[in-house]
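Q: Below is one structure. I have some questions about it.
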Amino acid sequence: MNTAQNLYSPYSTSPIPDLYEVPERIESEQNSDSSTRLIVNKENITEAIQATTKHIPKINVALPFSKPLPGKFQLLQLWEGRITQINNEDFSAIIVDKTHPEFNDELVTIDIEEITPAELSLLQIGAVFYWSIGYADYPGRGRSRESKIRFRRLPGWTKKELNRAIESGKKLAAYFD
Amino acid sequence: MQLTSTDIEYCIPLQNEFEISLFGPGVGECIVAHLGDNKWIIVDSCCKPKSKEPIALEYLNQIGVNPSESVVLFIVTHWHSDHIRGASKIVKECTSARFGYPSALLKEEFLKLVSAYSGIPNNRIIDKENSGTIEFAKIVNILFDRCESNPKYKINQLVPIQSDRVLYSSNVTNANVSIRSLSPSDKSYHNSILEFASLLPKQNEMIKVIPSPTKNNNSVVLWIDFNITQALLGSDLEETNDPLTGWTTIINSPVRPHGKASIFKIPHHGSENGHSHDVWGKMVNSSPVSILTSKIGGQNSIPKIPDIERIKKYSSEIYCTKVPIAAKPKRDHTVEKMFKVIAKNRTIIGDKIGHIQIRFSDMSNIKVNYQYPAEKL
């Protein structure tokens, strides 16, 4: 059974689900220095803590969609790119055509704005990304052209991998020495 | 007397006729040289964009030379991807050739790096097509197999290179030829070892394409004596502020050749940081045939116009495997429209390979042939 929470779909008729309980308003009083502070009974601090923590919102983890958004993305073109240079507003990358492998590589400059903020930390020289262009067809929105850049995420180097490389390098060097 | 033509000669040179052919697709470089008596040397490698085959092998086959018999020496001047693409195929096919490499490349630090990024069990590696370490890993595997099957291979066929070493010498009728390495210096060797060690990834570090090294001071520079005509092949060696590395250390070496080269393969695609006034004054004659490859890379493309102007002051004859604006690939109309919206600048890398062919028997009779997109500057 899939217990994942159904996320909000703009096309759904059901009400928007709360991701967390909305906390009750915590009373506050105005200080003379115009800052605010919580009213806490110092003689019964335990109760105060319990009362306060009771209102800490319960955060439900947003699990992945159980169903993808309705609609489809028709891929027209895919490149694999690797970052060669990063400037203040843009970055340069060499892109390899995955749709037409016979075409030559190209060096392109792209605005950093094209990268989703969540992936900005992955923007590093040498990082690999995929750039796709296609048609997006979503019910009620018609057809639109979309360009998506997403970075390849690989687990970091493991100790085992590095040790294996170090041992292999040592053995080969001793062999050729 | 110097002749110039835009027709490459697709025939084997005469026994006592020498040749230096320079190939450049825009990103990449390869030199094929005839040492007389149907003996050939290949320096670095690049591939034909469409066939992905090493241009050196294709050219030799085209003019009727059997690479497995006639190539006596293959040198990889450094491990950068633009100089090493297709090199493993050359090593594999040229079974008689000795293999020359900067000595740091078969040391522990570099082999660890190669194993990390390109080891056979490591299949998570990305950027397979473009990595110099992938190509070098293939070479190491071939060398390993050959050493296993022939214990003398290591001593007889592997040529670790540092400065001031004689790599080849022959003395046959009308063809006295010797090849010497002028770099890398001892300090460059140690700098390379340190650089390789610093490039080894650390635990939990994000996996990326191997970072491109910024320095080229481990490159092998070659000096070739063809009878009384000399050639200086500058590889990618740069000038540094350190007297123990780069071009300065070559100029100051008491054992460097004291002739002056008539043919100069300009270092590092004519860039300013590859320039040394002393090299032009002390190692190159006053009217050399200068040849160079370009490196296409958007705003970082070299040579730049000021570079060409500078080189023209030193050399009246300059030929470049220049890659002009290549034809744009024909993609779907929607894709092209979107491409233009997203990409601010766009440069097609590699398209056709420029070829400069210099044939001569002595310095008074040098023929320069070149083929589009190569051109005389």
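Naming works like this for the structure tokens: A, B, ... for the chains as they're shown, residue 1 at the start of each chain, ligands 1 onward in shown order.
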Enumerate the residues of segment 12-169 of chain B with a DSSP assignment of helix (DSSP H, G or I), computed from the backbone, and present them as an MDAnalysis selection string.
A: chainID B and resid 55:62 67:70 81:84 87:93 103:106 108:118 132:149 153:157
Q: Got a sec to pull out which chain B residues are within 8 Å of chain A, counting only C-alpha atoms, and send them as a PyMOL selection string?
A: chain B and resi 49-50+106-116+119+122+126-127+154+201-211+297-298+329+332+335+338+342-351
Q: Return the single residue from B:Val255, B:Ile90, B:Ile302, B:Ile353 that is closest to Thr321 of chain B, with distances computed using only C-alpha atoms.
A: B:Ile353
Q: I want to know what sits within 9 Å of segment 179-181 of chain B, based on only C-alpha atoms, with residues of the same chain fewer than 3 positions away left out; could you give that as a short mmCIF file (atom, residue, chain, number, x, y, z; two decimals) with all heavy atoms, in the first residue's frame?
A:
data_model
loop_
_atom_site.label_atom_id
_atom_site.label_comp_id
_atom_site.auth_asym_id
_atom_site.auth_seq_id
_atom_site.Cartn_x
_atom_site.Cartn_y
_atom_site.Cartn_z
N ILE B 161 60.43 10.85 -20.00
CA ILE B 161 61.14 12.02 -20.54
C ILE B 161 61.30 13.10 -19.48
O ILE B 161 60.34 13.47 -18.79
CB ILE B 161 60.37 12.61 -21.75
CG1 ILE B 161 60.27 11.56 -22.86
CG2 ILE B 161 61.08 13.86 -22.28
CD1 ILE B 161 59.44 12.01 -24.06
N GLN B 162 62.50 13.60 -19.36
CA GLN B 162 62.77 14.86 -18.67
C GLN B 162 63.67 15.67 -19.59
O GLN B 162 63.99 15.24 -20.70
CB GLN B 162 63.39 14.59 -17.30
CG GLN B 162 62.32 14.17 -16.30
CD GLN B 162 62.78 14.21 -14.86
OE1 GLN B 162 62.73 13.19 -14.21
NE2 GLN B 162 63.21 15.35 -14.37
N SER B 163 64.09 16.82 -19.13
CA SER B 163 64.83 17.71 -20.03
C SER B 163 66.20 17.13 -20.41
O SER B 163 66.77 16.32 -19.67
CB SER B 163 65.01 19.07 -19.37
OG SER B 163 65.62 18.91 -18.12
N ASP B 164 66.67 17.58 -21.57
CA ASP B 164 68.03 17.28 -22.04
C ASP B 164 68.30 15.79 -22.20
O ASP B 164 69.29 15.27 -21.71
CB ASP B 164 69.07 17.91 -21.09
CG ASP B 164 68.86 19.42 -20.98
OD1 ASP B 164 68.61 20.05 -22.02
OD2 ASP B 164 68.91 19.94 -19.85
N ARG B 165 67.41 15.10 -22.84
CA ARG B 165 67.64 13.68 -23.13
C ARG B 165 67.54 13.46 -24.64
O ARG B 165 66.70 14.06 -25.31
CB ARG B 165 66.60 12.81 -22.43
CG ARG B 165 66.77 12.87 -20.94
CD ARG B 165 65.99 11.82 -20.22
NE ARG B 165 66.24 11.95 -18.79
CZ ARG B 165 65.58 11.29 -17.86
NH1 ARG B 165 64.65 10.45 -18.19
NH2 ARG B 165 65.87 11.47 -16.59
N VAL B 166 68.40 12.60 -25.13
CA VAL B 166 68.32 12.23 -26.55
C VAL B 166 67.30 11.10 -26.66
O VAL B 166 67.45 10.05 -26.05
CB VAL B 166 69.69 11.78 -27.09
CG1 VAL B 166 69.57 11.32 -28.53
CG2 VAL B 166 70.69 12.93 -26.98
N LEU B 167 66.26 11.33 -27.42
CA LEU B 167 65.17 10.36 -27.51
C LEU B 167 65.27 9.50 -28.75
O LEU B 167 64.71 8.40 -28.81
CB LEU B 167 63.82 11.09 -27.53
CG LEU B 167 63.57 12.10 -26.41
CD1 LEU B 167 62.24 12.79 -26.59
CD2 LEU B 167 63.62 11.41 -25.05
N TYR B 168 65.98 10.03 -29.75
CA TYR B 168 66.09 9.28 -31.02
C TYR B 168 67.30 9.79 -31.76
O TYR B 168 67.61 10.99 -31.73
CB TYR B 168 64.83 9.52 -31.86
CG TYR B 168 64.89 8.85 -33.23
CD1 TYR B 168 64.53 7.51 -33.39
CD2 TYR B 168 65.31 9.57 -34.35
CE1 TYR B 168 64.60 6.92 -34.65
CE2 TYR B 168 65.36 8.98 -35.60
CZ TYR B 168 65.01 7.64 -35.74
OH TYR B 168 65.07 7.05 -36.98
N SER B 169 67.98 8.89 -32.40
CA SER B 169 69.12 9.29 -33.21
C SER B 169 69.29 8.29 -34.34
O SER B 169 69.23 7.08 -34.11
CB SER B 169 70.37 9.31 -32.32
OG SER B 169 71.48 9.68 -33.08
N PRO B 184 60.34 18.32 -19.53
CA PRO B 184 60.18 19.19 -18.36
C PRO B 184 61.43 19.19 -17.48
O PRO B 184 62.15 18.20 -17.42
CB PRO B 184 58.99 18.57 -17.62
CG PRO B 184 58.99 17.14 -18.02
CD PRO B 184 59.53 17.07 -19.41
N VAL B 220 56.39 18.40 -22.71
CA VAL B 220 57.66 18.03 -23.34
C VAL B 220 57.90 18.91 -24.56
O VAL B 220 57.11 18.90 -25.51
CB VAL B 220 57.63 16.55 -23.77
CG1 VAL B 220 58.89 16.20 -24.56
CG2 VAL B 220 57.49 15.63 -22.57
N VAL B 221 58.98 19.67 -24.54
CA VAL B 221 59.40 20.45 -25.72
C VAL B 221 60.48 19.64 -26.45
O VAL B 221 61.36 19.07 -25.81
CB VAL B 221 59.95 21.82 -25.28
CG1 VAL B 221 60.62 22.53 -26.45
CG2 VAL B 221 58.83 22.68 -24.72
N LEU B 222 60.37 19.59 -27.76
CA LEU B 222 61.31 18.77 -28.54
C LEU B 222 62.14 19.63 -29.48
O LEU B 222 61.65 20.61 -30.05
CB LEU B 222 60.52 17.74 -29.36
CG LEU B 222 59.71 16.72 -28.56
CD1 LEU B 222 58.82 15.91 -29.50
CD2 LEU B 222 60.60 15.78 -27.76
N TRP B 223 63.37 19.20 -29.63
CA TRP B 223 64.28 19.82 -30.59
C TRP B 223 64.68 18.73 -31.58
O TRP B 223 65.18 17.68 -31.18
CB TRP B 223 65.51 20.36 -29.87
CG TRP B 223 66.52 21.00 -30.76
CD1 TRP B 223 67.56 20.38 -31.40
CD2 TRP B 223 66.59 22.38 -31.13
NE1 TRP B 223 68.28 21.29 -32.13
CE2 TRP B 223 67.71 22.51 -31.98
CE3 TRP B 223 65.83 23.50 -30.83
CZ2 TRP B 223 68.07 23.74 -32.54
CZ3 TRP B 223 66.19 24.72 -31.37
CH2 TRP B 223 67.30 24.84 -32.22
N ILE B 224 64.45 18.98 -32.87
CA ILE B 224 64.79 17.95 -33.86
C ILE B 224 65.82 18.51 -34.83
O ILE B 224 65.64 19.59 -35.41
CB ILE B 224 63.54 17.48 -34.65
CG1 ILE B 224 62.41 17.07 -33.68
CG2 ILE B 224 63.90 16.31 -35.54
CD1 ILE B 224 61.16 16.55 -34.36
N ASP B 225 66.91 17.77 -34.97
CA ASP B 225 67.91 18.10 -35.99
C ASP B 225 67.65 17.22 -37.21
O ASP B 225 67.76 16.00 -37.12
CB ASP B 225 69.32 17.79 -35.47
CG ASP B 225 69.79 18.82 -34.47
OD1 ASP B 225 69.89 19.99 -34.84
OD2 ASP B 225 70.04 18.44 -33.30
N PHE B 226 67.27 17.87 -38.32
CA PHE B 226 67.15 17.15 -39.59
C PHE B 226 68.36 17.56 -40.42
O PHE B 226 68.34 18.64 -41.02
CB PHE B 226 65.90 17.57 -40.35
CG PHE B 226 64.59 17.29 -39.67
CD1 PHE B 226 63.97 18.27 -38.91
CD2 PHE B 226 63.95 16.07 -39.81
CE1 PHE B 226 62.75 18.05 -38.30
CE2 PHE B 226 62.71 15.84 -39.20
CZ PHE B 226 62.12 16.83 -38.43
N PRO B 257 70.58 22.93 -27.15
CA PRO B 257 71.17 23.04 -28.48
C PRO B 257 71.43 24.51 -28.82
O PRO B 257 70.62 25.38 -28.48
CB PRO B 257 70.09 22.48 -29.41
CG PRO B 257 69.08 21.83 -28.54
CD PRO B 257 69.22 22.38 -27.18
#
Q: Residues within 7 Å of Phe264 of chain B, please, as an MDAnalysis selection string. Count only C-alpha atoms; anything in the same chain fewer than 2 positions from it doesn't count.
A: chainID B and resid 231:233 261:262 266 288:291
Q: Find the residues around Arg146 of chain B up to 12 Å (only C-alpha atoms counted), leave out those fewer than 3 positions away in its own chain, and share them as an mmCIF file with all heavy atoms, in the first residue's frame.
A:
data_model
loop_
_atom_site.group_PDB
_atom_site.id
_atom_site.type_symbol
_atom_site.label_atom_id
_atom_site.label_comp_id
_atom_site.auth_asym_id
_atom_site.auth_seq_id
_atom_site.Cartn_x
_atom_site.Cartn_y
_atom_site.Cartn_z
ATOM 1 N N PHE A 176 55.875 -0.163 -12.823
ATOM 2 C CA PHE A 176 56.565 0.545 -13.917
ATOM 3 C C PHE A 176 57.874 1.190 -13.470
ATOM 4 O O PHE A 176 58.608 1.718 -14.292
ATOM 5 C CB PHE A 176 55.652 1.614 -14.524
ATOM 6 C CG PHE A 176 54.550 1.046 -15.372
ATOM 7 C CD1 PHE A 176 53.222 1.139 -14.981
ATOM 8 C CD2 PHE A 176 54.842 0.402 -16.568
ATOM 9 C CE1 PHE A 176 52.209 0.613 -15.768
ATOM 10 C CE2 PHE A 176 53.827 -0.134 -17.351
ATOM 11 C CZ PHE A 176 52.511 -0.029 -16.952
ATOM 12 N N VAL B 91 49.102 3.872 -29.564
ATOM 13 C CA VAL B 91 49.978 2.948 -28.830
ATOM 14 C C VAL B 91 49.660 1.512 -29.249
ATOM 15 O O VAL B 91 50.554 0.697 -29.481
ATOM 16 C CB VAL B 91 49.800 3.123 -27.302
ATOM 17 C CG1 VAL B 91 50.570 2.057 -26.541
ATOM 18 C CG2 VAL B 91 50.268 4.499 -26.869
ATOM 19 N N LYS B 92 48.385 1.231 -29.362
ATOM 20 C CA LYS B 92 47.971 -0.135 -29.696
ATOM 21 C C LYS B 92 48.426 -0.528 -31.104
ATOM 22 O O LYS B 92 48.913 -1.632 -31.334
ATOM 23 C CB LYS B 92 46.448 -0.231 -29.596
ATOM 24 C CG LYS B 92 45.923 -1.641 -29.608
ATOM 25 C CD LYS B 92 44.434 -1.631 -29.335
ATOM 26 C CE LYS B 92 43.910 -3.061 -29.298
ATOM 27 N NZ LYS B 92 42.468 -3.095 -29.058
ATOM 28 N N THR B 95 52.978 -0.918 -32.986
ATOM 29 C CA THR B 95 53.587 -1.921 -32.115
ATOM 30 C C THR B 95 55.115 -1.830 -32.067
ATOM 31 O O THR B 95 55.727 -2.308 -31.117
ATOM 32 C CB THR B 95 53.169 -3.334 -32.569
ATOM 33 O OG1 THR B 95 53.342 -3.409 -33.988
ATOM 34 C CG2 THR B 95 51.720 -3.608 -32.228
ATOM 35 N N SER B 96 55.723 -1.226 -33.082
ATOM 36 C CA SER B 96 57.190 -1.109 -33.066
ATOM 37 C C SER B 96 57.649 0.157 -32.360
ATOM 38 O O SER B 96 58.845 0.305 -32.086
ATOM 39 C CB SER B 96 57.736 -1.066 -34.503
ATOM 40 O OG SER B 96 57.215 -2.102 -35.261
ATOM 41 N N ARG B 98 58.482 3.111 -29.764
ATOM 42 C CA ARG B 98 58.732 3.356 -28.349
ATOM 43 C C ARG B 98 57.737 4.430 -27.889
ATOM 44 O O ARG B 98 57.286 5.251 -28.697
ATOM 45 C CB ARG B 98 60.175 3.809 -28.140
ATOM 46 C CG ARG B 98 61.169 2.696 -28.478
ATOM 47 C CD ARG B 98 62.522 3.267 -28.842
ATOM 48 N NE ARG B 98 63.221 3.735 -27.646
ATOM 49 C CZ ARG B 98 63.879 4.892 -27.579
ATOM 50 N NH1 ARG B 98 63.939 5.681 -28.638
ATOM 51 N NH2 ARG B 98 64.491 5.250 -26.485
ATOM 52 N N PHE B 99 57.410 4.373 -26.615
ATOM 53 C CA PHE B 99 56.407 5.311 -26.096
ATOM 54 C C PHE B 99 57.081 6.284 -25.140
ATOM 55 O O PHE B 99 57.622 5.890 -24.103
ATOM 56 C CB PHE B 99 55.285 4.541 -25.388
ATOM 57 C CG PHE B 99 54.265 5.434 -24.727
ATOM 58 C CD1 PHE B 99 53.491 6.305 -25.486
ATOM 59 C CD2 PHE B 99 54.086 5.416 -23.353
ATOM 60 C CE1 PHE B 99 52.555 7.145 -24.880
ATOM 61 C CE2 PHE B 99 53.151 6.244 -22.737
ATOM 62 C CZ PHE B 99 52.382 7.110 -23.507
ATOM 63 N N ILE B 139 46.017 3.583 -22.072
ATOM 64 C CA ILE B 139 47.431 3.408 -22.429
ATOM 65 C C ILE B 139 48.133 2.544 -21.375
ATOM 66 O O ILE B 139 48.872 1.613 -21.708
ATOM 67 C CB ILE B 139 48.133 4.780 -22.555
ATOM 68 C CG1 ILE B 139 47.572 5.548 -23.753
ATOM 69 C CG2 ILE B 139 49.645 4.613 -22.689
ATOM 70 C CD1 ILE B 139 48.080 6.977 -23.871
ATOM 71 N N VAL B 140 47.875 2.851 -20.109
ATOM 72 C CA VAL B 140 48.521 2.088 -19.029
ATOM 73 C C VAL B 140 48.163 0.608 -19.147
ATOM 74 O O VAL B 140 49.023 -0.264 -18.985
ATOM 75 C CB VAL B 140 48.102 2.656 -17.647
ATOM 76 C CG1 VAL B 140 48.534 1.726 -16.522
ATOM 77 C CG2 VAL B 140 48.717 4.026 -17.445
ATOM 78 N N ASN B 141 46.916 0.324 -19.465
ATOM 79 C CA ASN B 141 46.505 -1.078 -19.604
ATOM 80 C C ASN B 141 47.256 -1.770 -20.738
ATOM 81 O O ASN B 141 47.686 -2.913 -20.602
ATOM 82 C CB ASN B 141 44.999 -1.175 -19.850
ATOM 83 C CG ASN B 141 44.217 -0.938 -18.574
ATOM 84 O OD1 ASN B 141 44.732 -1.154 -17.480
ATOM 85 N ND2 ASN B 141 42.984 -0.475 -18.699
ATOM 86 N N ILE B 142 47.414 -1.062 -21.856
ATOM 87 C CA ILE B 142 48.138 -1.662 -22.990
ATOM 88 C C ILE B 142 49.603 -1.890 -22.601
ATOM 89 O O ILE B 142 50.170 -2.965 -22.853
ATOM 90 C CB ILE B 142 48.046 -0.749 -24.240
ATOM 91 C CG1 ILE B 142 46.597 -0.651 -24.713
ATOM 92 C CG2 ILE B 142 48.929 -1.275 -25.364
ATOM 93 C CD1 ILE B 142 46.355 0.444 -25.755
ATOM 94 N N LEU B 143 50.206 -0.890 -21.970
ATOM 95 C CA LEU B 143 51.616 -1.017 -21.587
ATOM 96 C C LEU B 143 51.795 -2.168 -20.594
ATOM 97 O O LEU B 143 52.758 -2.931 -20.679
ATOM 98 C CB LEU B 143 52.119 0.290 -20.965
ATOM 99 C CG LEU B 143 52.083 1.537 -21.850
ATOM 100 C CD1 LEU B 143 52.629 2.743 -21.095
ATOM 101 C CD2 LEU B 143 52.875 1.338 -23.138
ATOM 102 N N SER B 149 53.769 -9.601 -21.198
ATOM 103 C CA SER B 149 54.111 -10.611 -22.205
ATOM 104 C C SER B 149 55.566 -10.512 -22.656
ATOM 105 O O SER B 149 56.101 -11.472 -23.208
ATOM 106 C CB SER B 149 53.171 -10.496 -23.408
ATOM 107 O OG SER B 149 53.286 -9.211 -23.961
ATOM 108 N N ASN B 150 56.196 -9.379 -22.428
ATOM 109 C CA ASN B 150 57.592 -9.220 -22.831
ATOM 110 C C ASN B 150 58.341 -8.430 -21.753
ATOM 111 O O ASN B 150 58.247 -7.202 -21.703
ATOM 112 C CB ASN B 150 57.662 -8.499 -24.185
ATOM 113 C CG ASN B 150 59.088 -8.181 -24.598
ATOM 114 O OD1 ASN B 150 60.050 -8.667 -23.992
ATOM 115 N ND2 ASN B 150 59.236 -7.367 -25.634
ATOM 116 N N PRO B 151 59.084 -9.121 -20.905
ATOM 117 C CA PRO B 151 59.749 -8.433 -19.784
ATOM 118 C C PRO B 151 60.713 -7.333 -20.227
ATOM 119 O O PRO B 151 61.002 -6.428 -19.458
ATOM 120 C CB PRO B 151 60.513 -9.569 -19.095
ATOM 121 C CG PRO B 151 59.833 -10.821 -19.531
ATOM 122 C CD PRO B 151 59.291 -10.564 -20.888
ATOM 123 N N LYS B 152 61.198 -7.405 -21.465
ATOM 124 C CA LYS B 152 62.143 -6.381 -21.917
ATOM 125 C C LYS B 152 61.446 -5.127 -22.440
ATOM 126 O O LYS B 152 62.095 -4.122 -22.736
ATOM 127 C CB LYS B 152 63.048 -6.952 -23.018
ATOM 128 C CG LYS B 152 64.048 -7.969 -22.486
ATOM 129 C CD LYS B 152 64.954 -8.440 -23.596
ATOM 130 C CE LYS B 152 65.969 -9.428 -23.022
ATOM 131 N NZ LYS B 152 66.777 -10.049 -24.093
ATOM 132 N N TYR B 153 60.133 -5.207 -22.574
ATOM 133 C CA TYR B 153 59.390 -4.085 -23.153
ATOM 134 C C TYR B 153 59.594 -2.805 -22.344
ATOM 135 O O TYR B 153 59.802 -1.726 -22.887
ATOM 136 C CB TYR B 153 57.895 -4.434 -23.226
ATOM 137 C CG TYR B 153 57.057 -3.375 -23.903
ATOM 138 C CD1 TYR B 153 56.908 -3.345 -25.283
ATOM 139 C CD2 TYR B 153 56.426 -2.373 -23.158
ATOM 140 C CE1 TYR B 153 56.157 -2.359 -25.905
ATOM 141 C CE2 TYR B 153 55.674 -1.385 -23.768
ATOM 142 C CZ TYR B 153 55.536 -1.388 -25.138
ATOM 143 O OH TYR B 153 54.796 -0.404 -25.745
ATOM 144 N N LYS B 154 59.551 -2.961 -21.032
ATOM 145 C CA LYS B 154 59.657 -1.786 -20.159
ATOM 146 C C LYS B 154 60.983 -1.052 -20.388
ATOM 147 O O LYS B 154 61.021 0.179 -20.485
ATOM 148 C CB LYS B 154 59.533 -2.236 -18.702
ATOM 149 C CG LYS B 154 59.463 -1.112 -17.719
ATOM 150 C CD LYS B 154 58.928 -1.551 -16.375
ATOM 151 C CE LYS B 154 59.925 -2.374 -15.596
ATOM 152 N NZ LYS B 154 59.433 -2.729 -14.264
ATOM 153 N N ILE B 155 62.046 -1.814 -20.488
ATOM 154 C CA ILE B 155 63.370 -1.195 -20.643
ATOM 155 C C ILE B 155 63.571 -0.684 -22.070
ATOM 156 O O ILE B 155 64.091 0.412 -22.296
ATOM 157 C CB ILE B 155 64.471 -2.215 -20.290
ATOM 158 C CG1 ILE B 155 64.326 -2.613 -18.824
ATOM 159 C CG2 ILE B 155 65.860 -1.640 -20.558
ATOM 160 C CD1 ILE B 155 65.124 -3.834 -18.444
ATOM 161 N N ASN B 156 63.108 -1.466 -23.025
ATOM 162 C CA ASN B 156 63.404 -1.122 -24.425
ATOM 163 C C ASN B 156 62.426 -0.126 -25.038
ATOM 164 O O ASN B 156 62.804 0.656 -25.908
ATOM 165 C CB ASN B 156 63.391 -2.394 -25.292
ATOM 166 C CG ASN B 156 64.528 -3.312 -24.925
ATOM 167 O OD1 ASN B 156 65.515 -2.881 -24.323
ATOM 168 N ND2 ASN B 156 64.402 -4.585 -25.266
ATOM 169 N N GLN B 157 61.195 -0.172 -24.607
ATOM 170 C CA GLN B 157 60.167 0.589 -25.340
ATOM 171 C C GLN B 157 59.589 1.783 -24.575
ATOM 172 O O GLN B 157 58.980 2.645 -25.178
ATOM 173 C CB GLN B 157 59.012 -0.355 -25.739
ATOM 174 C CG GLN B 157 59.413 -1.524 -26.650
ATOM 175 C CD GLN B 157 59.950 -1.073 -27.992
ATOM 176 O OE1 GLN B 157 61.161 -0.996 -28.165
ATOM 177 N NE2 GLN B 157 59.075 -0.780 -28.929
ATOM 178 N N LEU B 158 59.727 1.803 -23.268
ATOM 179 C CA LEU B 158 59.181 2.927 -22.514
ATOM 180 C C LEU B 158 60.258 3.995 -22.330
ATOM 181 O O LEU B 158 61.386 3.694 -21.941
ATOM 182 C CB LEU B 158 58.669 2.480 -21.143
ATOM 183 C CG LEU B 158 57.477 1.511 -21.165
ATOM 184 C CD1 LEU B 158 56.948 1.286 -19.758
ATOM 185 C CD2 LEU B 158 56.359 2.023 -22.056
#
Q: So the first atom is atom CA of Thr173 of chain B and the second is atom CA of Ile75 of chain B; what is the distance between them in Å, to one decimal place?
A: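 Distance reported for this atom pair: 25.2 Å.
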Q: Report, in Å to a single decimal, how far apart atom CA of Pro373 of chain B and atom CA of Asp97 of chain A are.
A: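 A separation of 23.3 Å between them.
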